[in-house]
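S.K.: Got a structure here, written out as structure tokens. Questions coming.
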Amino acid sequence: MVTERSALSRLFNGLNVVVLILTMLLCLLPVWYTLSISLSDKAAAAAGTVFLWPKGFTFDSYRTIVNDSQFLRSFFISVQRVAYGSAISFFAILLMSYPLSKTSKEFRPRNIIMWLLIFVMLFNGGLVPWYLTMKSLGMINSIWGLVLGGGLPVFNVILVMNYIRNMPKELEESALIDGAGPWRILFSILLPLAMPVLATVLVFTIVYHWNEFFQGLVLMNKADHYPLQSYIRQVAVVIDPTKMDEESVKRMSNLSNQTLNAAKIFISMLPLLVIYPFLQKYFVKGITLGSVKG
Amino acid sequence: MLNKGFNRHYYLMLLPGLIWLFFYNLLPMYGILTAFKEFNPGLGILKSPWVGLENFQYMFELDDSKLIFRNTILIAFSKMVGNLLVPLAFALMLNEVKHKLFTRTVQTAVYLPHFLSWVIVAGMMLDIFSYNGPVNSLLEVLGVQPMMFFTNERLFPALLVGSDVWKEFGFNAIIFFSALTSINPEMYEAAAIDGASQWKRLTKITIPSILPVAVLLATLSLGNILNAGFDQIFNLYNPSVYSTGDIIDTWVYRAGLIDMQYGLATAVGLLKSVVGFVLITVSYSLAYRFANYRIF
């Protein structure tokens, strides 16, 4: 009886591992396939013969990209956006979350401001009012439209605030007794201790700014000002409905820059692929920090 | 109280965030007035003439509106179910494997798609599901005729739900992983001593322990029934699949920013925002009442 059960158990565990490995491959293969297309010869890619290994191995696509000034410009705009966006968010979030971590007895307007934040997080005016406002604020063709246009990242403020709130009160009290002021308390005591949650929030912010494409598309009139994702969408994603019957699709795919587009797609996810393994522990923590009970 | 004079410092700390909030979150709300006006760009929002509820009336007369509300709810609901059940099943399966390096490797791989933008994923999908792409080659081997995935209105919703689950299931499983690690290991030890099989331990300990988390997540996700995923659909759809793939958000984008029907687009967007707000509030208060869940 014991052996029968363990045999069944072993069968189940074996199958389980196989399914899990297949699941893992399913997540990685599209990225791998894109890489091998980008390293393939144009004709081989268009013929649909490339699968998991490049055919007619060549760096041509990457060589073309290095000389593509539009691609490089968009790449630089994205880098700039990530730098400004994450720096500004980081400080706005840090500064806000400290006073909001006080009780409403210690800081009277705390609850009103909290409700305002929650309201803003759950309700928005919609796309058109947002666009008209951006226009009247002069955000068209401006990098600041991309940096600030998404609005205050309320959810991240709440994450950091919850974290600071759950720190032992004694930390702050003993600093107060030693004569520290609010800025000193925030920067010398709370900031280092809140580093785990701040890192999480920073990761979310960086990924958000790197990936965001829609504001770039709507706020920028000229493709010259596009951040990378908006540019990629323009060249590799937009489907022209007039070319959608089967015959012309076949014709199109022979002419299109399939390998070049694959290379562009791959380069634009490369920064994330490189830093991603190092970020893992932060966002896993952030997700579980998300809700605070009690 | 030692921190008596601190209030003005607190205000100063709040200032940058509140300025940001005012200009980029609150100011757009005043543009909601556009929904009740016949918007004239030359006159601006304030001076454009009032038309009362005309935009809303027009919205209900449009054939499109029924379609986009139906598509939105259908797609969002299917995603909700998929994004709850697949991560749950995945987390339970991975939980049965005790090899640390293996589980860590699988986790790292499945979290990855979450961090790719929909532009990137759409770009890869267009290639993989193209007429002479790998998926069709595979189908050909199996004896199935090649298909045009992106212009087939019957396949399109399935493509949306499938790719969304593919992208998010790993990330959505994180919350289940953390719930699974918080199960007291002594329960498993006691069950093993009593002779409970692996299957019994799964169905009698593991599943009941994380069921509350699953119910909580399901409740919270109800608030998103009108969010069918703009970023995804915007990058994947085209006019030949509007009948099954066009949702409120994509329609508002076209009506507002492409066709310049500002009043109408604002009205539709406003209706969505209000209904969405009510739904989220209800789902959060349910979660609060029954699971003591709070966001702050």
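Identifiers in the structure tokens: chain A, B, ... in order shown; residue index from 1 per chain; ligand index from 1 in order shown.
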Would you list the contacts of Ser182 in chain B as a PyMOL selection string, taking every protein, DNA or RNA residue within 12 Å and counting only C-alpha atoms, but skipping same-chain residues closer than 6 positions in sequence?
M.R.: (chain A and resi 288) or (chain B and resi 175-176+206+209-210+213)
S.K.: Taking C-alpha atoms for each residue, export the selection above as a PDB file, in the first residue's frame.
M.R.:
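Output (selection-v7.pdb):
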ATOM      1  CA  THR A 288       3.311  41.532  -0.561  1.00  0.00           C
TER       2      THR A 288
ATOM      3  CA  ILE B 175       0.445  36.996  -3.819  1.00  0.00           C
ATOM      4  CA  PHE B 176      -0.466  33.289  -3.693  1.00  0.00           C
ATOM      5  CA  THR B 206      -3.142  23.977   1.289  1.00  0.00           C
ATOM      6  CA  SER B 209      -5.600  27.965   3.590  1.00  0.00           C
ATOM      7  CA  ILE B 210      -5.332  30.113   0.486  1.00  0.00           C
ATOM      8  CA  VAL B 213      -6.881  35.101  -0.456  1.00  0.00           C
TER       9      VAL B 213
END
S.K.: Compile the contact shell of range 33-46 of chain A as an MDAnalysis selection string: residues with an atom at most 6 Å away, counting only C-alpha atoms, same-chain residues fewer than 5 positions apart removed.
M.R.: chainID A and resid 52:59 254 259 262:263
S.K.: Could you check the closest approach to chain B for each of A:Ser97, A:Ser74, A:Asn211, A:Thr200 and tell me which residue wins, using only C-alpha atoms?
M.R.: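 Looking at the shortest contact to chain B, the residue is A:Asn211.
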S.K.: With 6 Å as the limit and counting only C-alpha atoms, what residues in chain A lie close to chain B? Please list them as a CSV table (one decimal) with N, CA and C atoms, in the first residue's frame.
M.R.:
chain,number,residue,atom,x,y,z
A,24,MET,N,7.4,27.5,-18.0
A,24,MET,CA,8.6,28.4,-18.0
A,24,MET,C,9.1,28.7,-19.4
A,27,CYS,N,7.0,31.1,-21.4
A,27,CYS,CA,7.3,32.5,-21.0
A,27,CYS,C,8.6,33.1,-21.7
A,48,GLY,N,9.8,32.2,-43.2
A,48,GLY,CA,9.2,31.5,-42.0
A,48,GLY,C,9.9,30.3,-41.6
A,92,ALA,N,9.1,63.2,-4.3
A,92,ALA,CA,7.7,63.6,-4.0
A,92,ALA,C,7.1,62.5,-3.1
A,95,LEU,N,8.8,62.6,0.5
A,95,LEU,CA,8.4,63.8,1.3
A,95,LEU,C,6.9,63.7,1.8
A,96,MET,N,6.1,63.2,0.9
A,96,MET,CA,4.6,63.1,1.2
A,96,MET,C,4.3,62.1,2.2
A,99,PRO,N,4.7,63.0,6.5
A,99,PRO,CA,3.6,63.6,7.2
A,99,PRO,C,2.3,62.8,7.1
A,122,LEU,N,-8.9,56.5,-7.6
A,122,LEU,CA,-10.0,55.7,-8.1
A,122,LEU,C,-10.8,56.4,-9.1
A,123,PHE,N,-10.7,57.7,-9.2
A,123,PHE,CA,-11.6,58.4,-10.2
A,123,PHE,C,-10.7,59.4,-11.0
A,125,GLY,N,-10.9,62.0,-14.8
A,125,GLY,CA,-11.8,62.7,-15.7
A,125,GLY,C,-11.9,62.0,-17.0
A,126,GLY,N,-11.0,61.1,-17.3
A,126,GLY,CA,-11.1,60.4,-18.6
A,126,GLY,C,-10.0,61.0,-19.6
A,128,VAL,N,-10.2,62.6,-22.7
A,128,VAL,CA,-10.2,63.9,-23.4
A,128,VAL,C,-10.0,65.1,-22.4
A,129,PRO,N,-10.6,65.1,-21.2
A,129,PRO,CA,-10.3,66.2,-20.3
A,129,PRO,C,-8.8,66.2,-20.0
A,130,TRP,N,-8.2,65.0,-19.8
A,130,TRP,CA,-6.7,65.0,-19.5
A,130,TRP,C,-6.0,65.6,-20.7
A,133,THR,N,-6.3,69.4,-20.8
A,133,THR,CA,-5.5,70.0,-19.7
A,133,THR,C,-4.0,70.0,-20.1
A,151,GLY,N,0.4,61.9,-13.6
A,151,GLY,CA,-0.1,62.4,-12.3
A,151,GLY,C,0.7,61.8,-11.1
A,152,LEU,N,0.4,62.3,-10.0
A,152,LEU,CA,1.0,61.8,-8.7
A,152,LEU,C,0.8,60.3,-8.6
A,211,ASN,N,8.3,51.7,-20.1
A,211,ASN,CA,7.3,51.0,-20.9
A,211,ASN,C,6.2,51.9,-21.4
A,233,ARG,N,6.2,51.2,-31.5
A,233,ARG,CA,4.8,51.0,-31.9
A,233,ARG,C,4.6,51.5,-33.3
A,236,ALA,N,6.7,49.0,-35.7
A,236,ALA,CA,6.6,47.5,-35.6
A,236,ALA,C,5.2,47.0,-35.3
A,237,VAL,N,4.3,47.8,-34.9
A,237,VAL,CA,3.1,47.3,-34.4
A,237,VAL,C,1.8,47.7,-35.2
A,291,SER,N,-0.7,45.3,0.8
A,291,SER,CA,-1.9,45.5,1.6
A,291,SER,C,-1.4,45.3,3.1
A,293,LYS,N,-2.9,44.9,6.9
A,293,LYS,CA,-4.1,44.6,7.6
A,293,LYS,C,-4.0,45.1,9.0
S.K.: Just want the 12 Å neighbourhood of Gln234 in chain A, counted on only C-alpha atoms, with same-chain residues fewer than 6 positions away dropped. Output as a ChimeraX atom specification.
M.R.: /A:70-71,74,213-214,216-217,222-224,226-228,240,261,264-265 /B:119-120,122-123,235
S.K.: Dump as a Markdown table the rows for residues of range 25-98 of chain A within 12 Å of range 187-195 of chain A: closest atom pair and distance in Å with one decimal, only C-alpha atoms counted, ordered by chain and rising residue number.
M.R.:
| residue | atom | partner | partner_atom | distance |
| --- | --- | --- | --- | --- |
| A:Phe90 | CA | A:Leu191 | CA | 11.2 |
| A:Phe91 | CA | A:Leu191 | CA | 10.7 |
| A:Ile93 | CA | A:Leu191 | CA | 11.5 |
| A:Leu94 | CA | A:Leu191 | CA | 7.9 |
| A:Leu95 | CA | A:Phe187 | CA | 9.4 |
| A:Ser97 | CA | A:Leu190 | CA | 10.6 |
| A:Tyr98 | CA | A:Leu190 | CA | 8.4 |
S.K.: Could you turn the residues from that selection into a file that holds C-alpha atoms, as a JSON list (two decimals), in the first residue's frame?
M.R.:
[["chain", "number", "residue", "atom", "x", "y", "z"],
["A", 90, "PHE", "CA", 11.12, 59.37, -5.53],
["A", 91, "PHE", "CA", 11.35, 62.68, -3.72],
["A", 93, "ILE", "CA", 6.71, 60.19, -2.61],
["A", 94, "LEU", "CA", 9.28, 60.24, 0.18],
["A", 95, "LEU", "CA", 8.39, 63.76, 1.31],
["A", 97, "SER", "CA", 4.57, 59.79, 2.90],
["A", 98, "TYR", "CA", 6.17, 61.02, 6.13]]
S.K.: If I take CA of Ile65 in chain A and CA of Val147 in chain A, how far is one from the other in Å, to one decimal?
M.R.: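 Between CA of Ile65 in chain A and CA of Val147 in chain A the gap works out to 26.0 Å.
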S.K.: Which polymer residues have any atom within 12 Å of an atom of Ala175 in chain A, counting only C-alpha atoms, with same-chain residues fewer than 2 positions away left out, as a list in words?
M.R.: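 Result of the neighbour search: Lys169, Glu170, Leu171, Glu172, Glu173, Ile177, Asp178, Gly179, Ala180, Gly181, Pro182, Trp183, Arg184, Ile185, Leu186, Phe187, Ser188, Ile189 and Leu190 of chain A; Leu2 and Asn3 of chain B.
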S.K.: In Å, with one decimal, what is the gap from CA of Ser86 in chain A to CA of Val207 in chain A?
M.R.: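 Separation between CA of Ser86 in chain A and CA of Val207 in chain A: 9.6 Å.
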S.K.: Which is closest to Ile232 in chain A among A:Met269, A:Leu202, A:Ile112, A:Met139, if we use only C-alpha atoms?
M.R.: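 Looking at the shortest contact to Ile232 in chain A, the residue is A:Met269.
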S.K.: Could you list, as a list in words, every residue within 12 Å of Ile205 in chain B, counting only C-alpha atoms and ignoring same-chain residues fewer than 6 positions away?
M.R.: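 Returned residues: Leu92, Leu180, Ile183, Asn184, Pro185, Glu186, Met187, Tyr188, Glu189, Ala190, Ala191, Ala192, Ala196, Ser197, Gln198, Trp199 and Leu211 of chain B.
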S.K.: Generate a file of the selected residues that holds C-alpha atoms, formatted as a PDB file, in the first residue's frame.
M.R.:
ATOM      1  CA  LEU B  92      -0.305  25.306  -6.164  1.00  0.00           C
ATOM      2  CA  LEU B 180       1.401  29.665   0.770  1.00  0.00           C
ATOM      3  CA  ILE B 183       0.888  28.346   6.153  1.00  0.00           C
ATOM      4  CA  ASN B 184       2.141  26.851   9.392  1.00  0.00           C
ATOM      5  CA  PRO B 185       4.502  23.945   8.460  1.00  0.00           C
ATOM      6  CA  GLU B 186       3.512  22.125  11.655  1.00  0.00           C
ATOM      7  CA  MET B 187       0.146  21.382  10.065  1.00  0.00           C
ATOM      8  CA  TYR B 188       1.870  19.472   7.276  1.00  0.00           C
ATOM      9  CA  GLU B 189       4.079  17.623   9.739  1.00  0.00           C
ATOM     10  CA  ALA B 190       1.101  16.614  11.854  1.00  0.00           C
ATOM     11  CA  ALA B 191      -0.797  15.474   8.757  1.00  0.00           C
ATOM     12  CA  ALA B 192       2.184  13.449   7.555  1.00  0.00           C
ATOM     13  CA  ALA B 196      -2.238  11.899   5.078  1.00  0.00           C
ATOM     14  CA  SER B 197      -1.203  11.490   1.434  1.00  0.00           C
ATOM     15  CA  GLN B 198       0.244  14.304  -0.667  1.00  0.00           C
ATOM     16  CA  TRP B 199      -3.166  14.720  -2.306  1.00  0.00           C
ATOM     17  CA  LEU B 211      -8.993  30.137  -0.476  1.00  0.00           C
TER      18      LEU B 211
END
S.K.: Return the single residue from B:Ile75, B:Ala214, B:Met80, B:Leu220 that is closest to Leu279 in chain B, with distances computed using only C-alpha atoms.
M.R.: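 Smallest distance to Leu279 in chain B is found for B:Leu220.
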S.K.: With distances taken over only C-alpha atoms, which of A:Ser78, A:Ser61, A:Asn162, A:Gln280 is nearest to Met114 in chain A?
M.R.: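 Among the listed residues, the smallest separation from Met114 in chain A belongs to A:Asn162.
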